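Asks: Structure below; questions to follow.
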Amino acid sequence: MKKSDPVSEAFARLAMLLERDAALIQRGRFLDVDCLLGSTEQAFHISIRAGRIIDTAPAPVLMRSWRFAYRATPQAWTAFWQPLPKAGWHDLLSLTKRGEAMLEGDIQPFITNLQYFKDLLALPRMSGGAR
Amino acid sequence: MTGRIEPMVGRYVHVEIDGTPHRIYFEEAGQGIPLVCLHTAGSDGRQWRHLLADEEFTRYFRIIAFDMPWHGKSNPPASWDGTEYQLTTARYTQTIRAFCAALDLDKPVVMGCSIGGRIVLNLAIDHASEFRALVGLEAADFQAPWYDTTWLNRPDVHGGEVCAALVSGLVAPQSPAEARMETLWAYKQGGPGVFKGDLYFYRVDGDLRGRTKAIDTSVCPLYLLTGEYDFSCMPEDTVRTAAEISGVEVTVMEQVGHFPMSENPMQFRRYIAPVLEKIRQKKF
């Protein structure tokens with residue numbers, strides 16, 4: 001899958017969508033982390049500082065490390081971003097439970113900021129999902 | 001008085017559970033058939049406030065919702081020394097039976113959700129003759145775990161935030177925002193380690209697989225209702241459980257998740273009203 005697939009385009013828009021959501025930035029104000037988010041076909045190194053995404057780079061990036069990774073199948077992201085997602089496709093952890101997503105690495109920052117990441121990764125739902 | 005006052009009344013009852021005195025908070029409304037409601041793990045009896053305020057139901061049922069010890073307004077027992085709280089099948093069963101006995105309830109109906117649904121199955125297995133009917137919401141003999149409960153109580157993770165964030169996905173997307181907020185608020189208010197301690201029953205001690213065949217619904221009718229958006233106790237978990245029990249009635253509730261009575265009271269009402277009516281009409 002190319003970097004220009006609809007799911008990847010949604011991830012590329014994530015920083016812009018987050019900037020529109022002052023409350024979500026406020027929720028993540030204590031969060032600094034470098035993580036890997038995206039689809040199983042194309043993930044992105046995403047750098048978050050004080051709740052803001054300051055860098056989004058398509059993986060792989062030579063020798064760049066990440067603290068945790070959350071990657072789901074393109075099918076899962078497409079279903080997750082439906083305006084009214086179907087049962088079992090509506091939550092980051094329902095996707096991991098059904099084997100459509102993987103959570104890896106040191107997940108402490110993910111768990112500590114769980115609602116932040118749930119809301120962050122749901123932002124494309126409000127803006128048309130995987131267009 | 002000009003303020004709108006809701007019909008439920010809250011009181012405390014002193015109950016001995018396994019030889020230890022407890023001060024249990026409960027709310028009740030209505031008269032008639034006693035209907036004891038059990039909250040989910042890590043929450044409290046406020047989840048039932050819409051049912052308690054429903055005049056159609058309180059006309060025929062004395063609806064009672066109590067806070068489990070360590071939850072809501074039921075403090076830990078005075079003798080608690082701070083050791084890790086862990087709910088077991090035996091302790092949970094004793095708590096419910098002791099509470100019902102303390103209020104002199106005559107063959108009550110018990111309706112429980114999540115861990116409350118699981119323990120209802122245990123009541124059906126071991127104590128069916130004590131109850132008029134049993135209702136399990138989001139109930140199954142077992143379900144696959146989907147997170148590590150050690151995250152729920154550790155000093156580097158805010159317990160209230162993580163408990164609420166974990167269960168937030170169990171609320172259906174159709175549920176009204178205010179009801180979703182209120183459902184999660186209870187999780188943000190739980191004592192440290194209490195949700196985790198409840199899940200000891202759910203995950204470790206309360207596996208009822210292989211035991212539910214013993215349920216005799218001719219002694220006590222059993223109703224199981226599960227929300228389609230519950231990915232913790234999935235509808236297929238409930239259906240699989242029901243397949244082992246002759247005479248059980250199963251309903252999959254659309255557009256609700258793991259907390260039907262609190263996350264979408266109106267939608268829940270559509271499903272629970274016919275169940276309560278059947279219980280009311282049944283001759284004992």
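Every chain in the structure tokens takes a letter, A first, then B, and so on in the order presented; its residues are numbered from 1, and the ligands are numbered from 1 following the presented order.
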Got a sec: who's within 10 Å of Leu123 of chain A, counting only C-alpha atoms, leaving out chain neighbours fewer than 3 positions off, as an MDAnalysis selection string?

Replies: chainID A and resid 10:11 13:15 17:18 21 81 117:120 126:129

Asks: How would you write, as a PyMOL selection string, the set of residues in chain A that DSSP gives as strand (DSSP E)?

Replies: chain A and resi 33-39+43-49+52-58+68-72+101-105

Asks: What are the residues of chain A lining chain B at 10 Å or less? Count only C-alpha atoms, and put the answer as a PyMOL selection string.

Replies: chain A and resi 83-98+108-109+111-118

Asks: Filtering to C-alpha atoms, could you give me those residues as a PDB file, in the first residue's frame?

Replies:
```
ATOM      1  CA  PRO A  83     -19.658   8.016  11.680  1.00  0.00           C
ATOM      2  CA  LEU A  84     -21.420   5.261  13.623  1.00  0.00           C
ATOM      3  CA  PRO A  85     -18.966   2.374  13.837  1.00  0.00           C
ATOM      4  CA  LYS A  86     -20.331  -1.124  14.061  1.00  0.00           C
ATOM      5  CA  ALA A  87     -20.145  -3.035  17.318  1.00  0.00           C
ATOM      6  CA  GLY A  88     -16.686  -4.442  17.907  1.00  0.00           C
ATOM      7  CA  TRP A  89     -15.079  -1.891  15.579  1.00  0.00           C
ATOM      8  CA  HIS A  90     -15.772   1.145  17.762  1.00  0.00           C
ATOM      9  CA  ASP A  91     -12.863   1.239  20.248  1.00  0.00           C
ATOM     10  CA  LEU A  92      -9.074   0.909  20.098  1.00  0.00           C
ATOM     11  CA  LEU A  93      -9.195  -2.001  22.535  1.00  0.00           C
ATOM     12  CA  SER A  94     -12.071  -3.759  20.812  1.00  0.00           C
ATOM     13  CA  LEU A  95      -9.807  -3.792  17.757  1.00  0.00           C
ATOM     14  CA  THR A  96      -6.925  -5.333  19.712  1.00  0.00           C
ATOM     15  CA  LYS A  97      -9.268  -7.887  21.256  1.00  0.00           C
ATOM     16  CA  ARG A  98     -10.519  -8.986  17.845  1.00  0.00           C
ATOM     17  CA  GLN A 108       2.856   2.995  29.987  1.00  0.00           C
ATOM     18  CA  PRO A 109       2.401   6.368  28.227  1.00  0.00           C
ATOM     19  CA  ILE A 111      -2.276   3.627  29.261  1.00  0.00           C
ATOM     20  CA  THR A 112      -1.538   6.750  31.329  1.00  0.00           C
ATOM     21  CA  ASN A 113      -3.117   8.860  28.589  1.00  0.00           C
ATOM     22  CA  LEU A 114      -5.602   6.294  27.347  1.00  0.00           C
ATOM     23  CA  GLN A 115      -8.603   8.561  26.791  1.00  0.00           C
ATOM     24  CA  TYR A 116      -6.321  11.079  25.044  1.00  0.00           C
ATOM     25  CA  PHE A 117      -5.177   8.447  22.555  1.00  0.00           C
ATOM     26  CA  LYS A 118      -8.693   7.105  22.095  1.00  0.00           C
TER      27      LYS A 118
END
```

Asks: Kindly indicate which residue among B:Ser262, B:Asp198, B:Ala133, B:Glu56 lies nearest to Glu178 of chain B, using only C-alpha atoms for the distances.

Replies: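 Looking at the shortest contact to Glu178 of chain B, the residue is B:Ser262.
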
Asks: Could you check the closest approach to His50 of chain B for each of B:Pro7, B:Gly32, B:Gly72, B:Pro274 and tell me which residue wins, using only C-alpha atoms?

Replies: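 Smallest separation from His50 of chain B among the options: B:Pro7.
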
Asks: Could you state the separation of atom CA of Arg132 of chain B and atom CA of Met253 of chain B in Å, given to one decimal place?

Replies: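 Distance reported for this atom pair: 23.3 Å.
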
Asks: Mind giving me the straight-line distance from atom CA of Ile119 of chain B to atom CA of Leu105 of chain B in Å, one decimal?

Replies: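 If I compute the distance from atom CA of Ile119 of chain B to atom CA of Leu105 of chain B, I get 18.4 Å.
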
Asks: Residues near Gly19 of chain B, anyone? I mean within 12 Å using only C-alpha atoms, not counting same-chain ones fewer than 5 positions away, as a list in words.

Replies: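 Answer for this query is Pro77, Ser79, Arg91, Gln94, Thr95 and Ala98 of chain B.
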
Asks: Excluding Gln31 of chain B and any residue of its chain fewer than 2 positions from it, enumerate the residues within 7 Å of it, using only C-alpha atoms, and give them as a list in words.

Replies: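 Contacts, with the query itself left out: Ala29, Ile33, Thr58, Arg59, Tyr60, Phe61 and Arg62 of chain B.
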
Asks: Could you write out that same residue set with C-alpha atoms as a PDB file, in the first residue's frame?

Replies:
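Written file, again.pdb:
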```
ATOM      1  CA  ALA B  29     -38.209   3.006  45.713  1.00  0.00           C
ATOM      2  CA  ILE B  33     -41.951  -7.667  44.524  1.00  0.00           C
ATOM      3  CA  THR B  58     -42.004   0.948  41.145  1.00  0.00           C
ATOM      4  CA  ARG B  59     -45.764   0.473  41.032  1.00  0.00           C
ATOM      5  CA  TYR B  60     -45.205  -3.272  41.223  1.00  0.00           C
ATOM      6  CA  PHE B  61     -41.604  -3.666  42.375  1.00  0.00           C
ATOM      7  CA  ARG B  62     -39.725  -2.597  45.470  1.00  0.00           C
TER       8      ARG B  62
END
```

Asks: Which residues are near Asp44 of chain B? Cut-off 9 Å, only C-alpha atoms, ignore same chain within fewer than 3 positions. Put them as a ChimeraX atom specification.

Replies: /B:38-41,47-48,65-68,71-73,186-187,190

Asks: Keeping only all heavy atoms, take the residues you just selected and write them out as a compact mmCIF listing (two decimals), in the first residue's frame.

Replies:
```txt
# COMPACT_ATOMS: atom_id res chain seq x y z
N LEU B 38 -27.71 -5.12 41.23
CA LEU B 38 -26.26 -5.19 41.50
C LEU B 38 -25.51 -4.39 40.44
O LEU B 38 -25.68 -4.62 39.24
CB LEU B 38 -25.80 -6.65 41.45
CG LEU B 38 -26.60 -7.65 42.30
CD1 LEU B 38 -26.10 -9.07 42.03
CD2 LEU B 38 -26.51 -7.31 43.78
N HIS B 39 -24.63 -3.50 40.92
CA HIS B 39 -23.88 -2.64 39.99
C HIS B 39 -22.70 -3.39 39.38
O HIS B 39 -22.35 -4.50 39.79
CB HIS B 39 -23.41 -1.37 40.72
CG HIS B 39 -22.58 -1.62 41.94
ND1 HIS B 39 -21.26 -2.01 41.87
CD2 HIS B 39 -22.87 -1.52 43.26
CE1 HIS B 39 -20.78 -2.13 43.10
NE2 HIS B 39 -21.74 -1.85 43.97
N THR B 40 -22.06 -2.75 38.42
CA THR B 40 -20.90 -3.35 37.75
C THR B 40 -19.65 -3.20 38.62
O THR B 40 -19.63 -2.45 39.60
CB THR B 40 -20.64 -2.66 36.39
OG1 THR B 40 -20.32 -1.29 36.62
CG2 THR B 40 -21.84 -2.76 35.47
N ALA B 41 -18.60 -3.88 38.23
CA ALA B 41 -17.31 -3.78 38.93
C ALA B 41 -16.82 -2.34 38.91
O ALA B 41 -16.91 -1.65 37.89
CB ALA B 41 -16.28 -4.68 38.25
N GLN B 47 -25.81 3.62 39.30
CA GLN B 47 -26.11 3.16 37.95
C GLN B 47 -27.59 2.85 37.74
O GLN B 47 -28.07 2.84 36.62
CB GLN B 47 -25.31 1.89 37.65
CG GLN B 47 -23.82 2.13 37.48
CD GLN B 47 -23.09 0.83 37.18
OE1 GLN B 47 -23.43 -0.21 37.74
NE2 GLN B 47 -22.09 0.88 36.33
N TRP B 48 -28.28 2.60 38.86
CA TRP B 48 -29.68 2.17 38.75
C TRP B 48 -30.67 3.29 38.98
O TRP B 48 -31.86 3.05 39.13
CB TRP B 48 -29.95 1.04 39.75
CG TRP B 48 -29.12 -0.17 39.49
CD1 TRP B 48 -27.97 -0.55 40.13
CD2 TRP B 48 -29.36 -1.18 38.50
NE1 TRP B 48 -27.49 -1.72 39.60
CE2 TRP B 48 -28.32 -2.12 38.60
CE3 TRP B 48 -30.36 -1.36 37.53
CZ2 TRP B 48 -28.24 -3.24 37.77
CZ3 TRP B 48 -30.28 -2.47 36.71
CH2 TRP B 48 -29.24 -3.39 36.83
N ALA B 65 -31.23 -0.87 45.27
CA ALA B 65 -29.86 -0.93 44.73
C ALA B 65 -28.91 -0.63 45.88
O ALA B 65 -29.02 0.42 46.51
CB ALA B 65 -29.68 0.08 43.61
N PHE B 66 -27.99 -1.57 46.14
CA PHE B 66 -27.04 -1.31 47.23
C PHE B 66 -25.62 -1.17 46.68
O PHE B 66 -25.31 -1.70 45.61
CB PHE B 66 -27.13 -2.38 48.32
CG PHE B 66 -26.56 -3.74 47.98
CD1 PHE B 66 -25.25 -4.06 48.27
CD2 PHE B 66 -27.36 -4.72 47.39
CE1 PHE B 66 -24.73 -5.32 47.98
CE2 PHE B 66 -26.86 -5.98 47.09
CZ PHE B 66 -25.54 -6.28 47.38
N ASP B 67 -24.82 -0.43 47.41
CA ASP B 67 -23.40 -0.30 47.07
C ASP B 67 -22.66 -1.45 47.74
O ASP B 67 -22.75 -1.63 48.97
CB ASP B 67 -22.82 1.02 47.59
CG ASP B 67 -23.43 2.24 46.92
OD1 ASP B 67 -24.07 2.08 45.86
OD2 ASP B 67 -23.26 3.36 47.45
N MET B 68 -21.91 -2.19 46.97
CA MET B 68 -21.06 -3.23 47.55
C MET B 68 -20.08 -2.59 48.53
O MET B 68 -19.69 -1.44 48.36
CB MET B 68 -20.28 -3.93 46.44
CG MET B 68 -21.13 -4.83 45.56
SD MET B 68 -21.41 -6.43 46.35
CE MET B 68 -19.74 -7.13 46.23
N HIS B 71 -17.47 0.29 47.81
CA HIS B 71 -17.99 1.01 46.65
C HIS B 71 -18.98 2.08 47.10
O HIS B 71 -19.74 1.87 48.07
CB HIS B 71 -18.73 0.06 45.70
CG HIS B 71 -17.90 -1.04 45.15
ND1 HIS B 71 -17.44 -2.08 45.92
CD2 HIS B 71 -17.44 -1.29 43.90
CE1 HIS B 71 -16.73 -2.91 45.16
NE2 HIS B 71 -16.71 -2.45 43.93
N GLY B 72 -19.03 3.18 46.34
CA GLY B 72 -20.02 4.21 46.59
C GLY B 72 -20.00 4.68 48.03
O GLY B 72 -18.96 5.04 48.56
N LYS B 73 -21.15 4.62 48.69
CA LYS B 73 -21.24 5.08 50.08
C LYS B 73 -21.14 3.94 51.09
O LYS B 73 -21.36 4.14 52.28
CB LYS B 73 -22.56 5.85 50.27
CG LYS B 73 -22.57 7.16 49.47
CD LYS B 73 -23.93 7.83 49.46
CE LYS B 73 -24.16 8.62 50.73
NZ LYS B 73 -25.36 9.48 50.60
N ALA B 186 -18.58 7.57 37.64
CA ALA B 186 -18.51 6.62 38.76
C ALA B 186 -17.18 5.90 38.76
O ALA B 186 -16.60 5.62 39.82
CB ALA B 186 -19.67 5.63 38.68
N TYR B 187 -16.68 5.58 37.57
CA TYR B 187 -15.38 4.89 37.48
C TYR B 187 -14.24 5.79 37.91
O TYR B 187 -13.23 5.34 38.45
CB TYR B 187 -15.16 4.34 36.06
CG TYR B 187 -15.87 3.02 35.91
CD1 TYR B 187 -17.21 2.97 35.56
CD2 TYR B 187 -15.22 1.83 36.21
CE1 TYR B 187 -17.89 1.78 35.48
CE2 TYR B 187 -15.89 0.62 36.15
CZ TYR B 187 -17.23 0.60 35.78
OH TYR B 187 -17.89 -0.59 35.73
N GLY B 190 -13.99 5.71 41.92
CA GLY B 190 -13.77 4.49 42.70
C GLY B 190 -12.51 4.55 43.54
O GLY B 190 -11.54 5.23 43.20
```

Asks: Can you pull out the residues contacting Glu84 of chain B? Cut-off 12 Å, using only C-alpha atoms, and skip same-chain residues under 5 positions away; I want them as a list in words.

Replies: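 Within the cut-off, the hits are Trp70, Pro76, Asn153, Gly191, Pro192, Gly193, Val194, Phe195, Lys196, Gly197, Asp198 and Tyr200 of chain B.
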
Asks: Report the residues of segment 66-142 of chain B whose backbone DSSP state falls under alpha helix (DSSP H), written as a list in words.

Replies: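 Answer for segment 66-142 of chain B, restricted to alpha helix (DSSP H): Thr89, Ala90, Arg91, Tyr92, Thr93, Gln94, Thr95, Ile96, Arg97, Ala98, Phe99, Cys100, Ala101, Ala102, Ile115, Gly116, Gly117, Arg118, Ile119, Val120, Leu121, Asn122, Leu123, Ala124, Ile125 and Asp126 of chain B.
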
Asks: The selected residues should be written to file as a tab-separated table (two decimals), in the first residue's frame (atoms: N, CA, C and O atoms).

Replies:
```tsv
chain	number	residue	atom	x	y	z
B	89	THR	N	-15.96	-15.30	44.55
B	89	THR	CA	-17.31	-15.83	44.31
B	89	THR	C	-18.05	-16.03	45.63
B	89	THR	O	-19.22	-15.64	45.77
B	90	ALA	N	-17.35	-16.63	46.59
B	90	ALA	CA	-17.99	-16.93	47.88
B	90	ALA	C	-18.37	-15.63	48.60
B	90	ALA	O	-19.49	-15.49	49.12
B	91	ARG	N	-17.47	-14.67	48.59
B	91	ARG	CA	-17.72	-13.42	49.30
B	91	ARG	C	-18.86	-12.63	48.66
B	91	ARG	O	-19.71	-12.06	49.34
B	92	TYR	N	-18.87	-12.61	47.34
B	92	TYR	CA	-19.90	-11.88	46.61
B	92	TYR	C	-21.28	-12.52	46.88
B	92	TYR	O	-22.27	-11.83	47.17
B	93	THR	N	-21.31	-13.84	46.82
B	93	THR	CA	-22.56	-14.55	47.07
B	93	THR	C	-23.04	-14.29	48.50
B	93	THR	O	-24.23	-14.01	48.73
B	94	GLN	N	-22.12	-14.37	49.45
B	94	GLN	CA	-22.49	-14.11	50.86
B	94	GLN	C	-23.04	-12.70	51.03
B	94	GLN	O	-23.99	-12.46	51.77
B	95	THR	N	-22.41	-11.74	50.35
B	95	THR	CA	-22.83	-10.34	50.49
B	95	THR	C	-24.27	-10.16	50.05
B	95	THR	O	-25.08	-9.53	50.74
B	96	ILE	N	-24.60	-10.73	48.90
B	96	ILE	CA	-25.96	-10.57	48.36
B	96	ILE	C	-26.98	-11.26	49.28
B	96	ILE	O	-28.01	-10.69	49.63
B	97	ARG	N	-26.66	-12.47	49.69
B	97	ARG	CA	-27.61	-13.22	50.52
B	97	ARG	C	-27.75	-12.56	51.90
B	97	ARG	O	-28.86	-12.50	52.45
B	98	ALA	N	-26.66	-12.07	52.43
B	98	ALA	CA	-26.72	-11.40	53.74
B	98	ALA	C	-27.52	-10.10	53.65
B	98	ALA	O	-28.30	-9.77	54.55
B	99	PHE	N	-27.34	-9.37	52.58
B	99	PHE	CA	-28.09	-8.12	52.39
B	99	PHE	C	-29.59	-8.42	52.28
B	99	PHE	O	-30.41	-7.78	52.95
B	100	CYS	N	-29.93	-9.41	51.47
B	100	CYS	CA	-31.35	-9.77	51.30
B	100	CYS	C	-31.95	-10.24	52.64
B	100	CYS	O	-33.10	-9.90	52.97
B	101	ALA	N	-31.18	-11.00	53.39
B	101	ALA	CA	-31.67	-11.49	54.69
B	101	ALA	C	-31.83	-10.34	55.68
B	101	ALA	O	-32.80	-10.29	56.44
B	102	ALA	N	-30.89	-9.39	55.66
B	102	ALA	CA	-30.96	-8.27	56.59
B	102	ALA	C	-32.21	-7.42	56.36
B	102	ALA	O	-32.76	-6.83	57.29
B	115	ILE	N	-20.15	-8.00	36.53
B	115	ILE	CA	-19.86	-8.96	37.61
B	115	ILE	C	-21.17	-9.34	38.30
B	115	ILE	O	-21.32	-10.47	38.77
B	116	GLY	N	-22.09	-8.40	38.31
B	116	GLY	CA	-23.42	-8.67	38.88
B	116	GLY	C	-24.17	-9.70	38.06
B	116	GLY	O	-24.96	-10.49	38.59
B	117	GLY	N	-23.94	-9.68	36.74
B	117	GLY	CA	-24.54	-10.69	35.87
B	117	GLY	C	-23.91	-12.05	36.08
B	117	GLY	O	-24.58	-13.08	36.07
B	118	ARG	N	-22.60	-12.04	36.28
B	118	ARG	CA	-21.89	-13.31	36.51
B	118	ARG	C	-22.36	-13.94	37.82
B	118	ARG	O	-22.61	-15.14	37.88
B	119	ILE	N	-22.48	-13.12	38.88
B	119	ILE	CA	-22.84	-13.70	40.17
B	119	ILE	C	-24.29	-14.18	40.16
B	119	ILE	O	-24.64	-15.11	40.89
B	120	VAL	N	-25.11	-13.55	39.33
B	120	VAL	CA	-26.48	-14.01	39.19
B	120	VAL	C	-26.49	-15.47	38.70
B	120	VAL	O	-27.30	-16.29	39.15
B	121	LEU	N	-25.56	-15.79	37.82
B	121	LEU	CA	-25.46	-17.18	37.35
B	121	LEU	C	-25.10	-18.11	38.52
B	121	LEU	O	-25.62	-19.22	38.62
B	122	ASN	N	-24.22	-17.63	39.38
B	122	ASN	CA	-23.85	-18.45	40.54
B	122	ASN	C	-25.02	-18.60	41.50
B	122	ASN	O	-25.20	-19.67	42.10
B	123	LEU	N	-25.80	-17.55	41.66
B	123	LEU	CA	-27.00	-17.66	42.49
B	123	LEU	C	-27.95	-18.70	41.88
B	123	LEU	O	-28.58	-19.49	42.60
B	124	ALA	N	-28.05	-18.70	40.56
B	124	ALA	CA	-28.93	-19.66	39.88
B	124	ALA	C	-28.42	-21.08	40.07
B	124	ALA	O	-29.21	-22.03	40.17
B	125	ILE	N	-27.12	-21.25	40.13
B	125	ILE	CA	-26.53	-22.60	40.29
B	125	ILE	C	-26.76	-23.11	41.71
B	125	ILE	O	-27.21	-24.24	41.91
B	126	ASP	N	-26.46	-22.26	42.70
B	126	ASP	CA	-26.38	-22.76	44.08
B	126	ASP	C	-27.55	-22.38	44.99
B	126	ASP	O	-27.74	-22.99	46.04
```

Asks: Enter the distance from atom CA of Ile54 of chain A to atom CA of Glu100 of chain A, in Å, rounded to one decimal.

Replies: 27.6 Å

Asks: Measuring between only C-alpha atoms, which one of A:Asp5, A:Glu41, A:Glu19, A:Asp34 shows the shortest distance to Gly105 of chain A?

Replies: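 Among the listed residues, the smallest separation from Gly105 of chain A belongs to A:Asp34.
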
Asks: Please provide the set of residues having any atom within 10 Å of segment 59-74 of chain A, restricted to only C-alpha atoms, with same-chain residues fewer than 5 positions apart removed, written as a ChimeraX atom specification.

Replies: /A:1,3,5-8,33-47,79-80,92,95-96,99-110,117,130
